[in-house]
$ cat entry_15.cif   # mmCIF, N, CA, C and O atoms
data_start
loop_
_atom_site.label_atom_id
_atom_site.label_comp_id
_atom_site.auth_asym_id
_atom_site.auth_seq_id
_atom_site.Cartn_x
_atom_site.Cartn_y
_atom_site.Cartn_z
N MET Y 1 -4.85 18.38 9.10
CA MET Y 1 -4.97 17.03 9.64
C MET Y 1 -3.88 16.14 9.07
O MET Y 1 -3.58 16.18 7.89
N SER Y 2 -3.29 15.32 9.90
CA SER Y 2 -2.19 14.45 9.50
C SER Y 2 -2.70 13.30 8.63
O SER Y 2 -3.84 12.86 8.76
N THR Y 3 -1.82 12.79 7.78
CA THR Y 3 -2.18 11.67 6.93
C THR Y 3 -1.72 10.34 7.51
O THR Y 3 -2.01 9.29 6.94
N THR Y 4 -0.99 10.38 8.64
CA THR Y 4 -0.55 9.17 9.32
C THR Y 4 -0.78 9.32 10.82
O THR Y 4 -0.97 10.42 11.32
N LEU Y 5 -0.75 8.18 11.52
CA LEU Y 5 -0.91 8.17 12.97
C LEU Y 5 -0.08 7.01 13.51
O LEU Y 5 -0.03 5.94 12.89
N ARG Y 6 0.55 7.23 14.66
CA ARG Y 6 1.32 6.15 15.28
C ARG Y 6 0.40 4.95 15.52
O ARG Y 6 -0.74 5.09 15.95
N ILE Y 7 0.93 3.75 15.24
CA ILE Y 7 0.14 2.52 15.35
C ILE Y 7 -0.38 2.30 16.77
O ILE Y 7 -1.50 1.86 16.95
N ASP Y 8 0.39 2.64 17.80
CA ASP Y 8 -0.10 2.42 19.16
C ASP Y 8 -1.32 3.29 19.45
O ASP Y 8 -2.28 2.84 20.07
N LYS Y 9 -1.32 4.52 18.97
CA LYS Y 9 -2.48 5.40 19.16
C LYS Y 9 -3.68 4.88 18.37
O LYS Y 9 -4.80 4.87 18.86
N TRP Y 10 -3.44 4.41 17.14
CA TRP Y 10 -4.54 3.91 16.32
C TRP Y 10 -5.19 2.69 16.97
O TRP Y 10 -6.42 2.59 17.03
N LEU Y 11 -4.38 1.76 17.47
CA LEU Y 11 -4.93 0.58 18.13
C LEU Y 11 -5.78 0.97 19.34
O LEU Y 11 -6.80 0.35 19.62
N TRP Y 12 -5.36 2.01 20.05
CA TRP Y 12 -6.12 2.49 21.20
C TRP Y 12 -7.39 3.20 20.75
O TRP Y 12 -8.47 2.94 21.27
N PHE Y 13 -7.28 4.09 19.76
CA PHE Y 13 -8.46 4.79 19.22
C PHE Y 13 -9.50 3.79 18.71
O PHE Y 13 -10.69 3.99 18.90
N ALA Y 14 -9.03 2.73 18.03
CA ALA Y 14 -9.93 1.74 17.43
C ALA Y 14 -10.41 0.70 18.44
O ALA Y 14 -11.13 -0.23 18.09
N ARG Y 15 -9.99 0.85 19.69
CA ARG Y 15 -10.42 0.02 20.81
C ARG Y 15 -9.98 -1.43 20.72
O ARG Y 15 -10.66 -2.34 21.20
N PHE Y 16 -8.83 -1.68 20.13
CA PHE Y 16 -8.24 -3.01 20.17
C PHE Y 16 -7.41 -3.20 21.43
O PHE Y 16 -7.05 -4.31 21.77
N CYS Y 17 -7.11 -2.11 22.11
CA CYS Y 17 -6.38 -2.13 23.38
C CYS Y 17 -7.05 -1.15 24.34
O CYS Y 17 -7.47 -0.08 23.93
N LYS Y 18 -7.08 -1.53 25.61
CA LYS Y 18 -7.71 -0.66 26.61
C LYS Y 18 -6.85 0.55 26.94
O LYS Y 18 -7.37 1.59 27.33
N THR Y 19 -5.53 0.40 26.80
CA THR Y 19 -4.61 1.50 27.09
C THR Y 19 -3.55 1.58 26.01
O THR Y 19 -3.30 0.60 25.29
N ARG Y 20 -2.90 2.74 25.91
CA ARG Y 20 -1.79 2.84 24.96
C ARG Y 20 -0.63 1.97 25.41
O ARG Y 20 0.10 1.43 24.59
N SER Y 21 -0.45 1.81 26.72
CA SER Y 21 0.61 0.93 27.23
C SER Y 21 0.40 -0.50 26.76
O SER Y 21 1.35 -1.19 26.38
N GLN Y 22 -0.85 -0.95 26.78
CA GLN Y 22 -1.16 -2.30 26.30
C GLN Y 22 -0.84 -2.42 24.80
O GLN Y 22 -0.28 -3.42 24.36
N ALA Y 23 -1.16 -1.39 24.04
CA ALA Y 23 -0.85 -1.39 22.61
C ALA Y 23 0.65 -1.44 22.40
O ALA Y 23 1.16 -2.19 21.55
N GLN Y 24 1.39 -0.68 23.18
CA GLN Y 24 2.85 -0.66 23.06
C GLN Y 24 3.44 -2.02 23.40
O GLN Y 24 4.38 -2.47 22.75
N ARG Y 25 2.87 -2.72 24.39
CA ARG Y 25 3.36 -4.06 24.74
C ARG Y 25 3.15 -5.04 23.58
O ARG Y 25 4.02 -5.85 23.27
N LEU Y 26 1.97 -4.98 22.95
CA LEU Y 26 1.73 -5.86 21.78
C LEU Y 26 2.78 -5.62 20.70
O LEU Y 26 3.29 -6.56 20.09
N LEU Y 27 3.08 -4.35 20.48
CA LEU Y 27 4.06 -4.00 19.45
C LEU Y 27 5.46 -4.43 19.87
O LEU Y 27 6.21 -4.99 19.07
N ASP Y 28 5.82 -4.21 21.12
CA ASP Y 28 7.14 -4.62 21.63
C ASP Y 28 7.31 -6.13 21.57
O ASP Y 28 8.42 -6.62 21.36
N ASP Y 29 6.21 -6.88 21.76
CA ASP Y 29 6.26 -8.35 21.73
C ASP Y 29 6.21 -8.90 20.30
O ASP Y 29 6.19 -10.12 20.11
N GLY Y 30 6.17 -8.03 19.29
CA GLY Y 30 6.17 -8.48 17.90
C GLY Y 30 4.90 -9.19 17.49
O GLY Y 30 4.94 -10.14 16.72
N MET Y 31 3.76 -8.71 17.97
CA MET Y 31 2.50 -9.38 17.70
C MET Y 31 1.63 -8.67 16.67
O MET Y 31 0.53 -9.11 16.37
N VAL Y 32 2.11 -7.55 16.11
CA VAL Y 32 1.31 -6.76 15.17
C VAL Y 32 2.09 -6.58 13.87
O VAL Y 32 3.27 -6.26 13.89
N THR Y 33 1.40 -6.79 12.75
CA THR Y 33 2.00 -6.51 11.45
C THR Y 33 1.18 -5.46 10.72
O THR Y 33 -0.04 -5.38 10.89
N VAL Y 34 1.85 -4.67 9.93
CA VAL Y 34 1.22 -3.70 9.04
C VAL Y 34 1.75 -3.98 7.65
O VAL Y 34 2.97 -3.99 7.43
N ASN Y 35 0.84 -4.27 6.74
CA ASN Y 35 1.20 -4.61 5.36
C ASN Y 35 2.23 -5.73 5.31
O ASN Y 35 3.16 -5.72 4.52
N GLY Y 36 2.06 -6.73 6.22
CA GLY Y 36 2.90 -7.91 6.22
C GLY Y 36 4.23 -7.77 6.95
O GLY Y 36 5.01 -8.72 6.97
N ARG Y 37 4.50 -6.61 7.53
CA ARG Y 37 5.78 -6.39 8.23
C ARG Y 37 5.55 -6.16 9.71
O ARG Y 37 4.64 -5.41 10.08
N LEU Y 38 6.40 -6.78 10.55
CA LEU Y 38 6.34 -6.49 11.98
C LEU Y 38 6.68 -5.03 12.19
O LEU Y 38 7.55 -4.48 11.51
N VAL Y 39 6.00 -4.38 13.12
CA VAL Y 39 6.21 -2.96 13.36
C VAL Y 39 6.44 -2.72 14.85
O VAL Y 39 6.11 -3.54 15.69
N ASP Y 40 7.02 -1.56 15.15
CA ASP Y 40 7.17 -1.16 16.55
C ASP Y 40 6.26 0.03 16.82
O ASP Y 40 5.57 0.52 15.94
N LYS Y 41 6.29 0.49 18.08
CA LYS Y 41 5.32 1.52 18.49
C LYS Y 41 5.51 2.86 17.80
O LYS Y 41 4.62 3.68 17.80
N SER Y 42 6.67 3.09 17.21
CA SER Y 42 6.88 4.37 16.53
C SER Y 42 6.44 4.33 15.07
O SER Y 42 6.47 5.35 14.39
N SER Y 43 6.01 3.16 14.59
CA SER Y 43 5.55 3.04 13.21
C SER Y 43 4.22 3.75 13.02
O SER Y 43 3.43 3.85 13.95
N ALA Y 44 3.99 4.21 11.82
CA ALA Y 44 2.76 4.95 11.51
C ALA Y 44 1.88 4.13 10.58
O ALA Y 44 2.37 3.30 9.81
N VAL Y 45 0.58 4.38 10.67
CA VAL Y 45 -0.37 3.78 9.74
C VAL Y 45 -1.11 4.90 9.01
O VAL Y 45 -1.14 6.04 9.47
N MET Y 46 -1.68 4.54 7.87
CA MET Y 46 -2.48 5.47 7.10
C MET Y 46 -3.64 4.70 6.49
O MET Y 46 -3.61 3.46 6.44
N PRO Y 47 -4.68 5.39 6.07
CA PRO Y 47 -5.81 4.69 5.45
C PRO Y 47 -5.33 3.82 4.29
O PRO Y 47 -4.46 4.20 3.51
N GLY Y 48 -5.88 2.60 4.25
CA GLY Y 48 -5.51 1.62 3.23
C GLY Y 48 -4.55 0.57 3.75
O GLY Y 48 -4.43 -0.50 3.16
N ASP Y 49 -3.85 0.84 4.86
CA ASP Y 49 -2.94 -0.14 5.43
C ASP Y 49 -3.71 -1.34 5.96
O ASP Y 49 -4.83 -1.21 6.45
N GLU Y 50 -3.08 -2.52 5.86
CA GLU Y 50 -3.66 -3.75 6.40
C GLU Y 50 -2.93 -4.12 7.68
O GLU Y 50 -1.71 -4.21 7.70
N ILE Y 51 -3.69 -4.33 8.74
CA ILE Y 51 -3.13 -4.64 10.05
C ILE Y 51 -3.59 -6.03 10.47
O ILE Y 51 -4.76 -6.37 10.31
N VAL Y 52 -2.67 -6.82 11.01
CA VAL Y 52 -3.01 -8.09 11.64
C VAL Y 52 -2.65 -7.94 13.10
O VAL Y 52 -1.51 -7.63 13.44
N VAL Y 53 -3.65 -8.13 13.97
CA VAL Y 53 -3.47 -7.88 15.40
C VAL Y 53 -4.20 -8.95 16.21
O VAL Y 53 -5.29 -9.37 15.84
N PRO Y 54 -3.59 -9.41 17.32
CA PRO Y 54 -4.32 -10.33 18.20
C PRO Y 54 -5.38 -9.55 18.97
O PRO Y 54 -5.19 -8.36 19.28
N PHE Y 55 -6.49 -10.19 19.27
CA PHE Y 55 -7.57 -9.53 20.00
C PHE Y 55 -8.09 -10.47 21.06
O PHE Y 55 -8.38 -11.63 20.79
N GLY Y 56 -8.18 -10.00 22.27
CA GLY Y 56 -8.67 -10.78 23.39
C GLY Y 56 -7.73 -10.63 24.57
O GLY Y 56 -6.55 -10.32 24.40
N HIS Y 57 -8.25 -10.86 25.75
CA HIS Y 57 -7.47 -10.62 26.96
C HIS Y 57 -6.60 -11.79 27.37
O HIS Y 57 -5.55 -11.60 27.96
N HIS Y 58 -7.02 -13.01 27.08
CA HIS Y 58 -6.29 -14.19 27.53
C HIS Y 58 -5.74 -14.94 26.33
O HIS Y 58 -6.41 -15.09 25.32
N ALA Y 59 -4.52 -15.44 26.47
CA ALA Y 59 -3.86 -16.13 25.37
C ALA Y 59 -4.71 -17.30 24.85
O ALA Y 59 -4.73 -17.57 23.65
N GLU Y 60 -5.43 -17.98 25.75
CA GLU Y 60 -6.22 -19.15 25.33
C GLU Y 60 -7.40 -18.76 24.46
O GLU Y 60 -7.85 -19.55 23.63
N THR Y 61 -7.94 -17.57 24.66
CA THR Y 61 -9.14 -17.16 23.92
C THR Y 61 -8.85 -16.08 22.89
O THR Y 61 -9.77 -15.60 22.24
N ARG Y 62 -7.61 -15.72 22.72
CA ARG Y 62 -7.24 -14.64 21.80
C ARG Y 62 -7.45 -15.09 20.35
O ARG Y 62 -7.15 -16.20 19.98
N THR Y 63 -7.97 -14.20 19.54
CA THR Y 63 -8.13 -14.45 18.11
C THR Y 63 -7.26 -13.46 17.35
O THR Y 63 -6.82 -12.45 17.89
N VAL Y 64 -7.03 -13.74 16.10
CA VAL Y 64 -6.26 -12.83 15.25
C VAL Y 64 -7.24 -12.14 14.32
O VAL Y 64 -8.10 -12.78 13.72
N ARG Y 65 -7.13 -10.84 14.21
CA ARG Y 65 -8.02 -10.04 13.37
C ARG Y 65 -7.21 -9.41 12.24
O ARG Y 65 -6.12 -8.89 12.48
N ARG Y 66 -7.76 -9.46 11.03
CA ARG Y 66 -7.19 -8.78 9.87
C ARG Y 66 -8.07 -7.59 9.56
O ARG Y 66 -9.28 -7.73 9.37
N LEU Y 67 -7.45 -6.41 9.48
CA LEU Y 67 -8.20 -5.17 9.33
C LEU Y 67 -7.61 -4.30 8.24
O LEU Y 67 -6.41 -4.38 7.97
N ARG Y 68 -8.41 -3.46 7.67
CA ARG Y 68 -7.93 -2.40 6.78
C ARG Y 68 -8.26 -1.08 7.44
O ARG Y 68 -9.40 -0.85 7.86
N VAL Y 69 -7.26 -0.21 7.54
CA VAL Y 69 -7.46 1.11 8.13
C VAL Y 69 -8.31 1.93 7.17
O VAL Y 69 -7.95 2.10 6.00
N VAL Y 70 -9.44 2.45 7.66
CA VAL Y 70 -10.32 3.29 6.86
C VAL Y 70 -10.11 4.75 7.21
O VAL Y 70 -10.12 5.62 6.35
N ALA Y 71 -9.90 5.02 8.50
CA ALA Y 71 -9.69 6.39 8.98
C ALA Y 71 -8.75 6.35 10.17
O ALA Y 71 -8.56 5.31 10.80
N LEU Y 72 -8.16 7.49 10.48
CA LEU Y 72 -7.19 7.56 11.57
C LEU Y 72 -7.83 7.92 12.90
O LEU Y 72 -7.39 7.44 13.94
N GLY Y 73 -8.80 8.77 12.91
CA GLY Y 73 -9.40 9.22 14.15
C GLY Y 73 -8.58 10.35 14.76
O GLY Y 73 -7.42 10.53 14.43
N GLU Y 74 -9.21 11.08 15.64
CA GLU Y 74 -8.54 12.19 16.32
C GLU Y 74 -8.46 11.99 17.82
O GLU Y 74 -7.69 12.66 18.50
N ARG Y 75 -9.29 11.07 18.33
CA ARG Y 75 -9.29 10.77 19.76
C ARG Y 75 -10.00 9.44 19.95
O ARG Y 75 -10.63 8.92 19.05
N ARG Y 76 -9.90 8.91 21.16
CA ARG Y 76 -10.61 7.67 21.49
C ARG Y 76 -12.06 8.03 21.78
O ARG Y 76 -12.36 8.85 22.64
N GLY Y 77 -12.97 7.41 21.05
CA GLY Y 77 -14.39 7.68 21.23
C GLY Y 77 -15.14 6.42 21.61
O GLY Y 77 -14.56 5.45 22.10
N SER Y 78 -16.42 6.42 21.35
CA SER Y 78 -17.27 5.26 21.67
C SER Y 78 -16.91 4.08 20.76
O SER Y 78 -16.22 4.23 19.75
N ALA Y 79 -17.42 2.92 21.11
CA ALA Y 79 -17.19 1.73 20.30
C ALA Y 79 -17.76 1.92 18.89
O ALA Y 79 -17.16 1.47 17.90
N ALA Y 80 -18.89 2.60 18.77
CA ALA Y 80 -19.49 2.84 17.46
C ALA Y 80 -18.59 3.72 16.60
O ALA Y 80 -18.43 3.48 15.40
N ILE Y 81 -17.99 4.72 17.20
CA ILE Y 81 -17.06 5.59 16.47
C ILE Y 81 -15.79 4.82 16.12
O ILE Y 81 -15.28 4.93 15.00
N ALA Y 82 -15.30 4.01 17.05
CA ALA Y 82 -14.09 3.22 16.80
C ALA Y 82 -14.29 2.29 15.61
O ALA Y 82 -13.37 2.09 14.81
N ARG Y 83 -15.47 1.73 15.48
CA ARG Y 83 -15.76 0.78 14.39
C ARG Y 83 -15.66 1.45 13.02
O ARG Y 83 -15.42 0.79 12.02
N LEU Y 84 -15.79 2.76 12.96
CA LEU Y 84 -15.68 3.49 11.69
C LEU Y 84 -14.23 3.65 11.24
O LEU Y 84 -13.98 4.05 10.11
N LEU Y 85 -13.27 3.30 12.09
CA LEU Y 85 -11.85 3.48 11.76
C LEU Y 85 -11.28 2.32 10.94
O LEU Y 85 -10.18 2.43 10.40
N TYR Y 86 -12.00 1.20 10.85
CA TYR Y 86 -11.45 0.03 10.15
C TYR Y 86 -12.56 -0.78 9.51
O TYR Y 86 -13.73 -0.63 9.84
N GLU Y 87 -12.15 -1.65 8.59
CA GLU Y 87 -13.05 -2.65 8.06
C GLU Y 87 -12.40 -4.01 8.30
O GLU Y 87 -11.19 -4.15 8.20
N GLU Y 88 -13.21 -4.96 8.66
CA GLU Y 88 -12.76 -6.32 8.95
C GLU Y 88 -12.50 -7.03 7.62
O GLU Y 88 -13.33 -6.97 6.71
N LEU Y 89 -11.37 -7.70 7.52
CA LEU Y 89 -11.05 -8.49 6.33
C LEU Y 89 -11.18 -9.96 6.68
O LEU Y 89 -10.96 -10.37 7.82
N LEU Y 90 -11.52 -10.77 5.70
CA LEU Y 90 -11.62 -12.22 5.95
C LEU Y 90 -10.24 -12.78 6.24
O LEU Y 90 -9.24 -12.29 5.71
N PRO Y 91 -10.18 -13.83 7.07
CA PRO Y 91 -8.87 -14.40 7.42
C PRO Y 91 -8.14 -14.98 6.23
O PRO Y 91 -8.68 -15.22 5.21
#
$ encode --input "entry_15.cif" --output "structure tokens"
Amino acid sequence: MSTTLRIDKWLWFARFCKTRSQAQRLLDDGMVTVNGRLVDKSSAVMPGDEIVVPFGHHAETRTVRRLRVVALGERRGSAAIARLLYEELLP
């Protein structure tokens, strides 16, 4: 099992994006940081990394979430399984 996973796949596995294309757009638009650095879609995450990501479909209602990666996952599963991939950090 790998110790890292591409950030676009992780965002999709963790259900922060409905599609990998949507995750890639967030990354291309410079809206995601990992450990305080802007990242692109080829960047990898590992357990312990801190991610800041916008969440929500519309710019007016979008919130920013701070997360710590707990696990990488192997595929996109249910929302309950996705919730096991991260822990929410206070803003």
$ atom_distance --input "entry_15.cif" --atom1 "CA of Gly77 (chain Y)" --atom2 "CA of Lys9 (chain Y)"
12.3 Å
$ select_by_dssp --input "entry_15.cif" --residues "region 1-60 of chain Y" --states "alpha helix (DSSP H)" --output "MDAnalysis selection string"
chainID Y and resid 7:13 20:28
$ resolve_selection --input "entry_15.cif" --expression "the PyMOL selection byres ((chain Y and resi 67) around 5)" --output "ChimeraX atom specification"
/Y:49-51,65-66,68-69,87-89
$ closest_residue --input "entry_15.cif" --among "Y:Ser42, Y:Ala79, Y:Leu84, Y:Leu90" --to "Arg15 (chain Y)" --atoms "only C-alpha atoms"
Y:Ala79
$ closest_residue --input "entry_15.cif" --among "Y:Leu72, Y:Val52, Y:Ala23, Y:Val34" --to "Ser2 (chain Y)" --atoms "all atoms listed in the file"
Y:Leu72
$ resolve_selection --input "entry_15.cif" --expression "the PyMOL selection byres ((chain Y and resi 3) around 8)" --output "PDB file with N, CA, C and O atoms, keeping the file's coordinate frame"
ATOM      1  N   MET Y   1      -4.850  18.380   9.100  1.00  0.00           N
ATOM      2  CA  MET Y   1      -4.970  17.030   9.640  1.00  0.00           C
ATOM      3  C   MET Y   1      -3.880  16.140   9.070  1.00  0.00           C
ATOM      4  O   MET Y   1      -3.580  16.180   7.890  1.00  0.00           O
ATOM      5  N   SER Y   2      -3.290  15.320   9.900  1.00  0.00           N
ATOM      6  CA  SER Y   2      -2.190  14.450   9.500  1.00  0.00           C
ATOM      7  C   SER Y   2      -2.700  13.300   8.630  1.00  0.00           C
ATOM      8  O   SER Y   2      -3.840  12.860   8.760  1.00  0.00           O
ATOM      9  N   THR Y   4      -0.990  10.380   8.640  1.00  0.00           N
ATOM     10  CA  THR Y   4      -0.550   9.170   9.320  1.00  0.00           C
ATOM     11  C   THR Y   4      -0.780   9.320  10.820  1.00  0.00           C
ATOM     12  O   THR Y   4      -0.970  10.420  11.320  1.00  0.00           O
ATOM     13  N   LEU Y   5      -0.750   8.180  11.520  1.00  0.00           N
ATOM     14  CA  LEU Y   5      -0.910   8.170  12.970  1.00  0.00           C
ATOM     15  C   LEU Y   5      -0.080   7.010  13.510  1.00  0.00           C
ATOM     16  O   LEU Y   5      -0.030   5.940  12.890  1.00  0.00           O
ATOM     17  N   ALA Y  44       3.990   4.210  11.820  1.00  0.00           N
ATOM     18  CA  ALA Y  44       2.760   4.950  11.510  1.00  0.00           C
ATOM     19  C   ALA Y  44       1.880   4.130  10.580  1.00  0.00           C
ATOM     20  O   ALA Y  44       2.370   3.300   9.810  1.00  0.00           O
ATOM     21  N   VAL Y  45       0.580   4.380  10.670  1.00  0.00           N
ATOM     22  CA  VAL Y  45      -0.370   3.780   9.740  1.00  0.00           C
ATOM     23  C   VAL Y  45      -1.110   4.900   9.010  1.00  0.00           C
ATOM     24  O   VAL Y  45      -1.140   6.040   9.470  1.00  0.00           O
ATOM     25  N   MET Y  46      -1.680   4.540   7.870  1.00  0.00           N
ATOM     26  CA  MET Y  46      -2.480   5.470   7.100  1.00  0.00           C
ATOM     27  C   MET Y  46      -3.640   4.700   6.490  1.00  0.00           C
ATOM     28  O   MET Y  46      -3.610   3.460   6.440  1.00  0.00           O
ATOM     29  N   PRO Y  47      -4.680   5.390   6.070  1.00  0.00           N
ATOM     30  CA  PRO Y  47      -5.810   4.690   5.450  1.00  0.00           C
ATOM     31  C   PRO Y  47      -5.330   3.820   4.290  1.00  0.00           C
ATOM     32  O   PRO Y  47      -4.460   4.200   3.510  1.00  0.00           O
ATOM     33  N   LEU Y  72      -8.160   7.490  10.480  1.00  0.00           N
ATOM     34  CA  LEU Y  72      -7.190   7.560  11.570  1.00  0.00           C
ATOM     35  C   LEU Y  72      -7.830   7.920  12.900  1.00  0.00           C
ATOM     36  O   LEU Y  72      -7.390   7.440  13.940  1.00  0.00           O
TER      37      LEU Y  72
END
$ resolve_selection --input "entry_15.cif" --expression "the PyMOL selection byres (((chain Y and resi 82 and name CA) around 12) and name CA)" --output "list in words"
Trp10, Leu11, Trp12, Phe13, Ala14, Arg15, Phe16, Cys17, Val69, Val70, Ala71, Leu72, Gly73, Glu74, Arg75, Arg76, Gly77, Ser78, Ala79, Ala80, Ile81, Arg83, Leu84, Leu85, Tyr86 and Glu87 of chain Y
$ atom_distance --input "entry_15.cif" --atom1 "CA of Thr63 (chain Y)" --atom2 "CA of Ile7 (chain Y)"
19.1 Å
$ closest_residue --input "entry_15.cif" --among "Y:Thr33, Y:Gly48, Y:Val53, Y:Asp8" --to "Ser21 (chain Y)" --atoms "all atoms listed in the file"
Y:Asp8
$ select_by_dssp --input "entry_15.cif" --residues "region 4-87 of chain Y" --states "strand (DSSP E or B)" --output "count of residues only"
23
$ decode --input "entry_15.cif" --residues "region 12-46 of chain Y" --atoms "C-alpha atoms" --output "short mmCIF file (atom, residue, chain, number, x, y, z; two decimals), in the first residue's frame"
data_model
loop_
_atom_site.label_atom_id
_atom_site.label_comp_id
_atom_site.auth_asym_id
_atom_site.auth_seq_id
_atom_site.Cartn_x
_atom_site.Cartn_y
_atom_site.Cartn_z
CA TRP Y 12 -12.62 12.93 -4.44
CA PHE Y 13 -12.29 9.91 -2.11
CA ALA Y 14 -13.05 12.16 0.90
CA ARG Y 15 -16.11 13.54 -0.94
CA PHE Y 16 -15.06 17.18 -1.01
CA CYS Y 17 -15.60 17.08 -4.78
CA LYS Y 18 -18.20 15.20 -6.79
CA THR Y 19 -15.71 14.40 -9.57
CA ARG Y 20 -11.95 14.27 -9.99
CA SER Y 21 -12.32 16.95 -12.67
CA GLN Y 22 -13.90 19.25 -10.10
CA ALA Y 23 -11.01 18.54 -7.71
CA GLN Y 24 -8.51 19.29 -10.46
CA ARG Y 25 -10.25 22.63 -11.19
CA LEU Y 26 -10.00 23.66 -7.52
CA LEU Y 27 -6.30 22.86 -7.62
CA ASP Y 28 -5.75 24.61 -10.96
CA ASP Y 29 -7.53 27.71 -9.58
CA GLY Y 30 -5.13 27.81 -6.59
CA MET Y 31 -7.84 27.22 -4.00
CA VAL Y 32 -6.24 24.35 -2.02
CA THR Y 33 -3.26 24.40 0.32
CA VAL Y 34 -1.41 21.51 1.91
CA ASN Y 35 0.71 22.35 4.95
CA GLY Y 36 0.36 26.06 4.09
CA ARG Y 37 1.51 25.77 0.45
CA LEU Y 38 -0.56 26.06 -2.70
CA VAL Y 39 -0.52 22.75 -4.55
CA ASP Y 40 -1.39 21.45 -8.00
CA LYS Y 41 -3.15 18.26 -9.03
CA SER Y 42 0.05 16.24 -9.20
CA SER Y 43 0.90 16.97 -5.54
CA ALA Y 44 0.61 14.13 -3.05
CA VAL Y 45 -0.76 14.00 0.47
CA MET Y 46 -0.01 11.63 3.32
#
